[in-house]
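Have a look at protein.json; it's JSON, C-alpha atoms:
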```json
[["chain", "number", "residue", "atom", "x", "y", "z"],
["A", 1, "MET", "CA", 42.72, 51.47, 365.15],
["A", 2, "THR", "CA", 46.12, 51.40, 366.77],
["A", 3, "GLN", "CA", 47.07, 51.14, 370.38],
["A", 4, "VAL", "CA", 50.36, 52.21, 371.94],
["A", 5, "ARG", "CA", 51.76, 52.37, 375.41],
["A", 6, "LEU", "CA", 53.00, 55.67, 376.81],
["A", 7, "SER", "CA", 54.28, 56.07, 380.35],
["A", 8, "GLY", "CA", 53.02, 52.59, 381.14],
["A", 9, "ARG", "CA", 49.40, 53.37, 380.30],
["A", 10, "ARG", "CA", 47.27, 52.54, 377.32],
["A", 11, "ILE", "CA", 46.43, 55.16, 374.76],
["A", 12, "ALA", "CA", 43.76, 54.10, 372.32],
["A", 13, "GLY", "CA", 43.15, 55.86, 369.05],
["A", 14, "HIS", "CA", 44.66, 56.57, 365.68],
["A", 15, "THR", "CA", 46.38, 59.19, 363.60],
["A", 16, "ILE", "CA", 44.58, 60.34, 360.49],
["A", 17, "GLY", "CA", 46.99, 60.30, 357.62],
["A", 18, "ALA", "CA", 43.98, 60.18, 355.27],
["A", 19, "VAL", "CA", 42.29, 63.31, 356.61],
["A", 20, "ALA", "CA", 42.28, 64.85, 353.14],
["A", 21, "VAL", "CA", 40.39, 61.84, 351.89],
["A", 22, "ALA", "CA", 37.78, 62.30, 354.60],
["A", 23, "VAL", "CA", 36.96, 65.74, 353.28],
["A", 24, "VAL", "CA", 36.30, 64.64, 349.71],
["A", 25, "LEU", "CA", 33.30, 62.49, 350.45],
["A", 26, "LEU", "CA", 31.58, 63.46, 347.20],
["A", 27, "SER", "CA", 27.89, 63.26, 348.09],
["A", 28, "LEU", "CA", 28.63, 62.88, 351.79],
["A", 29, "THR", "CA", 28.70, 65.51, 354.47],
["A", 30, "ALA", "CA", 32.12, 65.08, 356.02],
["A", 31, "SER", "CA", 33.74, 66.06, 359.27],
["A", 32, "ALA", "CA", 37.38, 65.40, 360.09],
["A", 33, "THR", "CA", 36.60, 65.65, 363.77],
["A", 34, "THR", "CA", 39.15, 65.58, 366.53],
["A", 35, "LEU", "CA", 37.58, 63.54, 369.33],
["A", 36, "ILE", "CA", 39.33, 62.99, 372.66],
["A", 37, "ALA", "CA", 38.34, 61.14, 375.82],
["A", 38, "LEU", "CA", 40.66, 61.06, 378.84],
["A", 39, "ILE", "CA", 40.55, 59.38, 382.24],
["A", 40, "ASP", "CA", 41.19, 61.97, 384.98],
["A", 41, "ARG", "CA", 42.28, 59.90, 387.95],
["A", 42, "LYS", "CA", 42.88, 62.90, 390.19],
["A", 43, "HIS", "CA", 39.21, 63.90, 390.04],
["A", 44, "HIS", "CA", 37.77, 60.45, 389.23],
["A", 45, "ARG", "CA", 36.10, 61.57, 386.03],
["A", 46, "ALA", "CA", 36.12, 61.17, 382.27],
["A", 47, "VAL", "CA", 36.86, 64.17, 380.05],
["A", 48, "VAL", "CA", 35.44, 64.26, 376.51],
["A", 49, "ALA", "CA", 36.46, 66.96, 374.03],
["A", 50, "ALA", "CA", 35.82, 67.67, 370.36],
["A", 51, "ASP", "CA", 36.09, 70.44, 367.81],
["A", 52, "SER", "CA", 32.98, 71.99, 366.22],
["A", 53, "LEU", "CA", 33.61, 72.18, 362.46],
["A", 54, "LEU", "CA", 31.36, 70.39, 359.99],
["A", 55, "VAL", "CA", 32.36, 70.59, 356.31],
["A", 56, "TYR", "CA", 29.84, 70.28, 353.47],
["A", 57, "LYS", "CA", 32.16, 69.38, 350.62],
["A", 58, "LEU", "CA", 29.81, 69.60, 347.63],
["A", 59, "ALA", "CA", 28.45, 72.99, 348.65],
["A", 60, "GLN", "CA", 31.94, 74.21, 349.57],
["A", 61, "THR", "CA", 30.58, 75.50, 352.86],
["A", 62, "SER", "CA", 31.04, 74.71, 356.53],
["A", 63, "THR", "CA", 29.20, 75.27, 359.77],
["A", 64, "GLN", "CA", 29.63, 74.70, 363.48],
["A", 65, "THR", "CA", 27.95, 71.74, 365.09],
["A", 66, "CYS", "CA", 27.92, 70.02, 368.46],
["A", 67, "LYS", "CA", 29.59, 66.60, 368.52],
["A", 68, "ILE", "CA", 29.13, 65.78, 372.23],
["A", 69, "PHE", "CA", 25.76, 64.89, 373.74],
["A", 70, "THR", "CA", 24.50, 63.98, 377.19],
["A", 71, "LYS", "CA", 21.80, 61.78, 378.69],
["A", 72, "PRO", "CA", 21.56, 60.53, 382.29],
["A", 73, "GLY", "CA", 24.08, 57.72, 382.64],
["A", 74, "CYS", "CA", 25.32, 58.09, 379.07],
["A", 75, "ALA", "CA", 27.32, 60.86, 377.40],
["A", 76, "PHE", "CA", 28.81, 60.39, 373.94],
["A", 77, "GLY", "CA", 31.09, 62.06, 371.41],
["A", 78, "MET", "CA", 31.17, 61.35, 367.67],
["A", 79, "ALA", "CA", 33.76, 61.23, 364.90],
["A", 80, "GLY", "CA", 33.76, 60.11, 361.27],
["A", 81, "LEU", "CA", 30.69, 60.24, 359.06],
["A", 82, "LEU", "CA", 28.14, 62.22, 361.06],
["A", 83, "TYR", "CA", 25.41, 62.78, 358.49],
["A", 84, "LYS", "CA", 24.38, 61.82, 354.97],
["A", 85, "GLU", "CA", 21.29, 62.79, 353.03],
["A", 86, "TYR", "CA", 21.20, 59.67, 350.86],
["A", 87, "PRO", "CA", 21.09, 57.02, 351.96],
["A", 88, "VAL", "CA", 19.81, 58.69, 355.10],
["A", 89, "PHE", "CA", 22.35, 58.41, 357.89],
["A", 90, "ARG", "CA", 22.43, 60.34, 361.17],
["A", 91, "LEU", "CA", 25.05, 59.09, 363.60],
["A", 92, "GLN", "CA", 23.69, 61.11, 366.51],
["A", 93, "GLU", "CA", 20.31, 59.38, 366.32],
["A", 94, "LEU", "CA", 21.94, 55.94, 366.41],
["A", 95, "ALA", "CA", 24.09, 56.80, 369.43],
["A", 96, "ASP", "CA", 21.15, 58.42, 371.19],
["A", 97, "GLU", "CA", 19.07, 55.27, 370.67],
["A", 98, "ALA", "CA", 21.82, 53.21, 372.29],
["A", 99, "CYS", "CA", 22.03, 55.62, 375.23],
["A", 100, "SER", "CA", 18.28, 55.29, 375.78],
["A", 101, "LEU", "CA", 18.46, 51.55, 376.36],
["A", 102, "PRO", "CA", 18.29, 50.05, 379.85],
["A", 103, "GLY", "CA", 21.44, 48.62, 381.37],
["A", 104, "ASP", "CA", 24.88, 49.90, 382.23],
["A", 105, "LEU", "CA", 27.14, 52.03, 380.05],
["A", 106, "ARG", "CA", 29.09, 49.11, 378.61],
["A", 107, "HIS", "CA", 25.81, 47.44, 377.58],
["A", 108, "LYS", "CA", 24.68, 50.63, 375.83],
["A", 109, "ALA", "CA", 28.00, 50.95, 374.01],
["A", 110, "ASP", "CA", 27.93, 47.33, 372.89],
["A", 111, "ALA", "CA", 24.31, 47.69, 371.78],
["A", 112, "PHE", "CA", 25.31, 50.63, 369.60],
["A", 113, "LEU", "CA", 27.26, 48.28, 367.35],
["A", 114, "GLU", "CA", 24.12, 46.28, 366.63],
["A", 115, "ILE", "CA", 21.93, 49.39, 366.24],
["A", 116, "ALA", "CA", 24.38, 50.96, 363.79],
["A", 117, "ARG", "CA", 25.29, 47.81, 361.86],
["A", 118, "GLU", "CA", 22.55, 47.96, 359.20],
["A", 119, "PRO", "CA", 22.63, 51.76, 358.60],
["A", 120, "VAL", "CA", 26.42, 51.74, 358.41],
["A", 121, "GLY", "CA", 26.30, 48.72, 356.09],
["A", 122, "THR", "CA", 23.89, 50.54, 353.78],
["A", 123, "VAL", "CA", 26.19, 53.57, 353.60],
["A", 124, "ALA", "CA", 29.25, 51.40, 353.03],
["A", 125, "GLN", "CA", 27.52, 49.48, 350.23],
["A", 126, "TYR", "CA", 26.46, 52.75, 348.58],
["A", 127, "LEU", "CA", 30.01, 54.06, 348.73],
["A", 128, "ARG", "CA", 31.41, 50.90, 347.23],
["A", 129, "GLN", "CA", 28.92, 50.86, 344.35],
["A", 130, "SER", "CA", 28.48, 54.58, 343.65],
["A", 131, "GLU", "CA", 31.75, 56.11, 344.85],
["A", 132, "PRO", "CA", 34.30, 53.32, 344.31],
["A", 133, "GLN", "CA", 37.37, 55.53, 344.20],
["A", 134, "PHE", "CA", 36.59, 57.10, 347.54],
["A", 135, "TYR", "CA", 35.68, 53.70, 348.97],
["A", 136, "ARG", "CA", 39.10, 52.31, 347.99],
["A", 137, "GLU", "CA", 40.88, 55.31, 349.44],
["A", 138, "LEU", "CA", 38.95, 55.13, 352.69],
["A", 139, "ALA", "CA", 39.38, 51.37, 353.04],
["A", 140, "GLY", "CA", 43.11, 51.67, 352.40],
["A", 141, "GLY", "CA", 43.82, 54.63, 354.64],
["A", 142, "ASN", "CA", 43.46, 55.33, 358.36],
["A", 143, "GLY", "CA", 42.51, 51.75, 359.02],
["A", 144, "GLY", "CA", 39.34, 52.17, 356.98],
["A", 145, "GLU", "CA", 37.43, 53.68, 359.89],
["A", 146, "LEU", "CA", 34.04, 55.05, 358.90],
["A", 147, "ILE", "CA", 32.36, 56.00, 362.20],
["A", 148, "MET", "CA", 33.40, 56.19, 365.85],
["A", 149, "VAL", "CA", 31.37, 56.96, 368.96],
["A", 150, "VAL", "CA", 32.88, 57.33, 372.43],
["A", 151, "PHE", "CA", 30.49, 56.56, 375.30],
["A", 152, "ALA", "CA", 31.64, 58.00, 378.63],
["A", 153, "GLY", "CA", 30.36, 57.89, 382.18],
["A", 154, "PRO", "CA", 30.44, 55.84, 385.37],
["A", 155, "GLU", "CA", 30.70, 52.06, 385.17],
["A", 156, "ALA", "CA", 30.84, 50.02, 388.39],
["A", 157, "GLY", "CA", 31.59, 53.22, 390.30],
["A", 158, "SER", "CA", 34.51, 54.34, 388.12],
["A", 159, "PRO", "CA", 34.76, 56.75, 385.17],
["A", 160, "SER", "CA", 34.93, 54.75, 381.96],
["A", 161, "ILE", "CA", 35.27, 55.27, 378.22],
["A", 162, "PHE", "CA", 33.88, 52.80, 375.67],
["A", 163, "ALA", "CA", 34.78, 53.54, 372.05],
["A", 164, "ARG", "CA", 32.70, 51.72, 369.45],
["A", 165, "GLY", "CA", 32.59, 52.03, 365.69],
["A", 166, "TYR", "CA", 32.99, 50.41, 362.27],
["A", 167, "LYS", "CA", 35.73, 50.32, 359.69],
["A", 168, "LEU", "CA", 35.68, 49.18, 356.08],
["A", 169, "ASP", "CA", 37.65, 46.02, 355.40],
["A", 170, "GLY", "CA", 38.30, 46.72, 351.73],
["A", 171, "GLU", "CA", 36.44, 43.58, 350.62],
["A", 172, "GLY", "CA", 32.97, 45.03, 350.83],
["A", 173, "GLY", "CA", 32.44, 44.18, 354.47],
["A", 174, "LEU", "CA", 32.53, 45.96, 357.81],
["A", 175, "THR", "CA", 34.61, 45.25, 360.87],
["A", 176, "PRO", "CA", 33.45, 46.44, 364.30],
["A", 177, "VAL", "CA", 35.89, 48.47, 366.39],
["A", 178, "SER", "CA", 35.78, 48.20, 370.17],
["A", 179, "MET", "CA", 38.12, 49.80, 372.72],
["A", 180, "ASP", "CA", 37.66, 50.21, 376.48],
["A", 181, "VAL", "CA", 39.59, 52.76, 378.55],
["A", 182, "THR", "CA", 38.97, 52.58, 382.28],
["A", 183, "GLU", "CA", 40.71, 53.11, 385.59],
["A", 184, "ALA", "CA", 40.57, 49.35, 386.13],
["A", 185, "ASN", "CA", 42.54, 48.54, 382.96],
["A", 186, "ASN", "CA", 45.01, 51.37, 383.61],
["A", 187, "GLY", "CA", 43.74, 53.25, 380.58],
["A", 188, "ALA", "CA", 44.74, 56.85, 379.90],
["A", 189, "GLY", "CA", 42.70, 58.01, 376.93],
["A", 190, "PHE", "CA", 41.22, 57.62, 373.50],
["A", 191, "PHE", "CA", 42.10, 59.82, 370.51],
["A", 192, "GLY", "CA", 39.95, 59.66, 367.39],
["A", 193, "GLY", "CA", 39.72, 61.49, 364.11],
["A", 194, "ALA", "CA", 42.45, 64.00, 363.27],
["A", 195, "ALA", "CA", 45.10, 63.18, 365.85],
["A", 196, "GLY", "CA", 48.51, 63.32, 364.16],
["A", 197, "GLU", "CA", 49.63, 66.46, 365.98],
["A", 198, "ILE", "CA", 48.43, 65.00, 369.27],
["A", 199, "ALA", "CA", 50.44, 61.82, 368.70],
["A", 200, "ALA", "CA", 53.56, 63.89, 368.07],
["A", 201, "TYR", "CA", 52.96, 65.91, 371.24],
["A", 202, "LEU", "CA", 52.50, 62.81, 373.39],
["A", 203, "LYS", "CA", 55.72, 61.34, 372.05],
["A", 204, "ALA", "CA", 57.64, 64.54, 372.77],
["A", 205, "HIS", "CA", 56.11, 65.02, 376.23],
["A", 206, "PRO", "CA", 56.11, 61.64, 378.02],
["A", 207, "LYS", "CA", 54.95, 63.30, 381.25],
["A", 208, "TRP", "CA", 51.82, 64.73, 379.65],
["A", 209, "GLN", "CA", 49.65, 62.75, 382.05],
["A", 210, "ASP", "CA", 50.72, 65.11, 384.83],
["A", 211, "MET", "CA", 48.75, 67.86, 383.06],
["A", 212, "ASP", "CA", 45.30, 68.90, 384.20],
["A", 213, "LYS", "CA", 43.11, 66.74, 381.99],
["A", 214, "VAL", "CA", 40.66, 69.48, 380.99],
["A", 215, "ALA", "CA", 43.56, 71.73, 380.01],
["A", 216, "ALA", "CA", 45.19, 68.81, 378.20],
["A", 217, "ALA", "CA", 42.02, 68.01, 376.25],
["A", 218, "ARG", "CA", 41.67, 71.65, 375.21],
["A", 219, "LYS", "CA", 45.31, 71.86, 374.14],
["A", 220, "PHE", "CA", 45.13, 68.63, 372.13],
["A", 221, "VAL", "CA", 42.10, 69.75, 370.13],
["A", 222, "GLN", "CA", 43.66, 73.18, 369.57],
["A", 223, "LEU", "CA", 46.80, 71.52, 368.18],
["A", 224, "GLU", "CA", 44.72, 69.87, 365.46],
["A", 225, "ILE", "CA", 42.75, 73.06, 364.80],
["A", 226, "ALA", "CA", 46.01, 74.95, 364.24],
["A", 227, "ALA", "CA", 47.38, 72.23, 361.97],
["A", 228, "HIS", "CA", 44.20, 71.53, 359.96],
["A", 229, "PRO", "CA", 41.91, 74.58, 360.10],
["A", 230, "GLU", "CA", 40.11, 73.47, 356.93],
["A", 231, "TRP", "CA", 39.05, 70.21, 358.61],
["A", 232, "VAL", "CA", 39.05, 70.88, 362.37],
["A", 233, "GLY", "CA", 37.68, 74.11, 363.80],
["A", 234, "PRO", "CA", 36.75, 76.01, 366.95],
["A", 235, "PRO", "CA", 35.23, 76.32, 369.42],
["A", 236, "VAL", "CA", 36.41, 73.42, 371.55],
["A", 237, "ALA", "CA", 33.67, 71.61, 373.49],
["A", 238, "ILE", "CA", 34.70, 69.85, 376.70],
["A", 239, "LEU", "CA", 32.47, 67.77, 378.95],
["A", 240, "THR", "CA", 33.43, 66.10, 382.23],
["A", 241, "ILE", "CA", 31.54, 63.20, 383.83],
["A", 242, "ASN", "CA", 32.46, 62.04, 387.32],
["A", 243, "ARG", "CA", 31.83, 58.69, 389.00],
["A", 244, "LEU", "CA", 28.49, 59.97, 390.32],
["A", 245, "ASP", "CA", 27.40, 60.75, 386.74],
["A", 246, "GLN", "CA", 27.57, 64.50, 387.36],
["A", 247, "GLN", "CA", 28.02, 66.00, 383.91],
["A", 248, "LYS", "CA", 29.65, 69.42, 383.65],
["A", 249, "TRP", "CA", 30.51, 71.51, 380.60],
["A", 250, "ALA", "CA", 34.02, 72.87, 381.11],
["A", 251, "SER", "CA", 33.65, 74.48, 377.67],
["A", 252, "PRO", "CA", 30.24, 74.07, 375.98],
["A", 253, "GLY", "CA", 31.44, 75.28, 372.59],
["A", 254, "VAL", "CA", 28.30, 75.29, 370.45],
["A", 255, "CYS", "CA", 26.67, 72.54, 372.50],
["A", 256, "HIS", "CA", 23.56, 73.36, 374.49],
["A", 257, "ALA", "CA", 23.59, 72.20, 378.07],
["A", 258, "PRO", "CA", 20.29, 70.67, 379.25],
["A", 259, "PRO", "CA", 18.38, 72.41, 382.06],
["A", 260, "GLY", "CA", 20.11, 71.93, 385.38],
["A", 261, "ALA", "CA", 23.46, 70.93, 383.89],
["A", 262, "LYS", "CA", 26.52, 72.71, 385.19],
["A", 263, "LYS", "CA", 28.20, 74.93, 382.64],
["A", 264, "GLY", "CA", 31.70, 76.38, 382.61],
["A", 265, "LYS", "CA", 33.20, 79.16, 380.52],
["A", 266, "ASN", "CA", 32.94, 78.90, 376.78],
["A", 267, "ASN", "CA", 36.10, 78.51, 374.75]]
```

Could you quickly redo this structure as structure tokens?
Amino acid sequence: MTQVRLSGRRIAGHTIGAVAVAVVLLSLTASATTLIALIDRKHHRAVVAADSLLVYKLAQTSTQTCKIFTKPGCAFGMAGLLYKEYPVFRLQELADEACSLPGDLRHKADAFLEIAREPVGTVAQYLRQSEPQFYRELAGGNGGELIMVVFAGPEAGSPSIFARGYKLDGEGGLTPVSMDVTEANNGAGFFGGAAGEIAAYLKAHPKWQDMDKVAAARKFVQLEIAAHPEWVGPPVAILTINRLDQQKWASPGVCHAPPGAKKGKNN
């Protein structure tokens, strides 16, 4: 995980120089997701966006899947290893369990690290013992990140983003990853997964924060889709969550909005 400063505000995230590695997960189901979460100060909301491509490497097939989910007081987006048949691993279920806990959003995000620790450890151990070459490549590239979940919603009356995950340390262990992006800490956004094209765009356009944040999120994901269509694919899903916890799909993509949720045009 790297962190840089652009236009005086913090940008959390990472580029994914090892994207190709992420697609050759042998027995794993892999997804080189582009996951974005931005703070929209103008409208006092968080904006979460992701692509919809899921690649099944062994079967040489792919499908579309939702990577953003909502619950009252807790919305989340996922990147990294989403699913594995053996040992059984379903990232969505772990994040959903954290979202179902009592307490504020930060508490739920922090609890996710404990909920996911054992399942992630089991997967990491399997990779090290049964797929050592991939394990070495993953541990040595892209900071060794294995999973990342962004929790977004109101916290103390302000839109907030709490990114939590695990990376491999190369010595057989796991290191937790924790990054907070809020109005209070002058945060701007989090970029996870395939984000190399986004990083280049931000560097070339220092006034990008003047953009409408929904339009910016859509553009950023589309940049990665255009650059890596074999790993990142349409449609783009975009969810906004304001400080009153009103969740609105600006672009549902293949996600299904729950009854009563506001829904914008598909992308």

Computed interatomic separation between CA of Asp212 in chain A and CA of Gly253 in chain A (Å): 19.2 Å

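Between CA of Pro206 in chain A and CA of Arg218 in chain A lies a distance of 17.8 Å.
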
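Comparing the minimum interatomic distances between Gly73 in chain A and each of A:Lys108, A:Lys219, A:Arg117, A:His44, counting all atoms listed in the file, we find that A:Lys108 sits nearest.
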
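CA of Ala50 in chain A to CA of Phe76 in chain A spans 10.7 Å [interatomic distance, one decimal].
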
Taking the point (28.0, 64.4, 379.9) as given in the file, collect each protein or nucleic acid residue that comes within 10 Å of it, counting all atoms listed in the file, and present the set as a PyMOL selection string. chain A and resi 46-48+68-77+151-153+238-242+245-249+257-258+261-262

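Contact shell of Phe112 in chain A at 8 Å (all atoms listed in the file; same-chain neighbours under 5 positions omitted): Leu94, Ala95, Glu97, Ala98 and Arg164 of chain A.
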
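Of the residues under consideration (A:Tyr166, A:Trp231, A:Trp208, A:Phe191), A:Tyr166 shows the shortest atom-to-atom contact distance to Leu113 in chain A when counting all atoms listed in the file.
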
Considering all atoms listed in the file, can you say which of A:Ala109, A:Ala237, A:Met211, A:Ile115 comes closest to Ser178 in chain A? A:Ala109

Leaving out Arg41 in chain A and any residue of its chain fewer than 4 positions from it, which residues lie within 12 Å of it when counting only C-alpha atoms, given as an MDAnalysis selection string? chainID A and resid 45:47 158:160 182:184 186:189 209:214 241:243

Could you write out the selected residues, including C-alpha atoms, as an mmCIF file, in the coordinates of the input?
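What ended up in out.cif:
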```
data_model
loop_
_atom_site.group_PDB
_atom_site.id
_atom_site.type_symbol
_atom_site.label_atom_id
_atom_site.label_comp_id
_atom_site.auth_asym_id
_atom_site.auth_seq_id
_atom_site.Cartn_x
_atom_site.Cartn_y
_atom_site.Cartn_z
ATOM 1 C CA ARG A 45 36.100 61.570 386.030
ATOM 2 C CA ALA A 46 36.120 61.170 382.270
ATOM 3 C CA VAL A 47 36.860 64.170 380.050
ATOM 4 C CA SER A 158 34.510 54.340 388.120
ATOM 5 C CA PRO A 159 34.760 56.750 385.170
ATOM 6 C CA SER A 160 34.930 54.750 381.960
ATOM 7 C CA THR A 182 38.970 52.580 382.280
ATOM 8 C CA GLU A 183 40.710 53.110 385.590
ATOM 9 C CA ALA A 184 40.570 49.350 386.130
ATOM 10 C CA ASN A 186 45.010 51.370 383.610
ATOM 11 C CA GLY A 187 43.740 53.250 380.580
ATOM 12 C CA ALA A 188 44.740 56.850 379.900
ATOM 13 C CA GLY A 189 42.700 58.010 376.930
ATOM 14 C CA GLN A 209 49.650 62.750 382.050
ATOM 15 C CA ASP A 210 50.720 65.110 384.830
ATOM 16 C CA MET A 211 48.750 67.860 383.060
ATOM 17 C CA ASP A 212 45.300 68.900 384.200
ATOM 18 C CA LYS A 213 43.110 66.740 381.990
ATOM 19 C CA VAL A 214 40.660 69.480 380.990
ATOM 20 C CA ILE A 241 31.540 63.200 383.830
ATOM 21 C CA ASN A 242 32.460 62.040 387.320
ATOM 22 C CA ARG A 243 31.830 58.690 389.000
#
```

Contacts of Thr33 in chain A at 7 Å or less, counting all atoms listed in the file, minus same-chain residues fewer than 2 places along, as an MDAnalysis selection string? chainID A and resid 31 35 50:51 79:80 193:194 232

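For the residues A:Leu91, A:Ala49, A:Val254, A:Ile161, ranking by smallest atom-to-atom distance to Thr63 in chain A using only C-alpha atoms places A:Val254 first.
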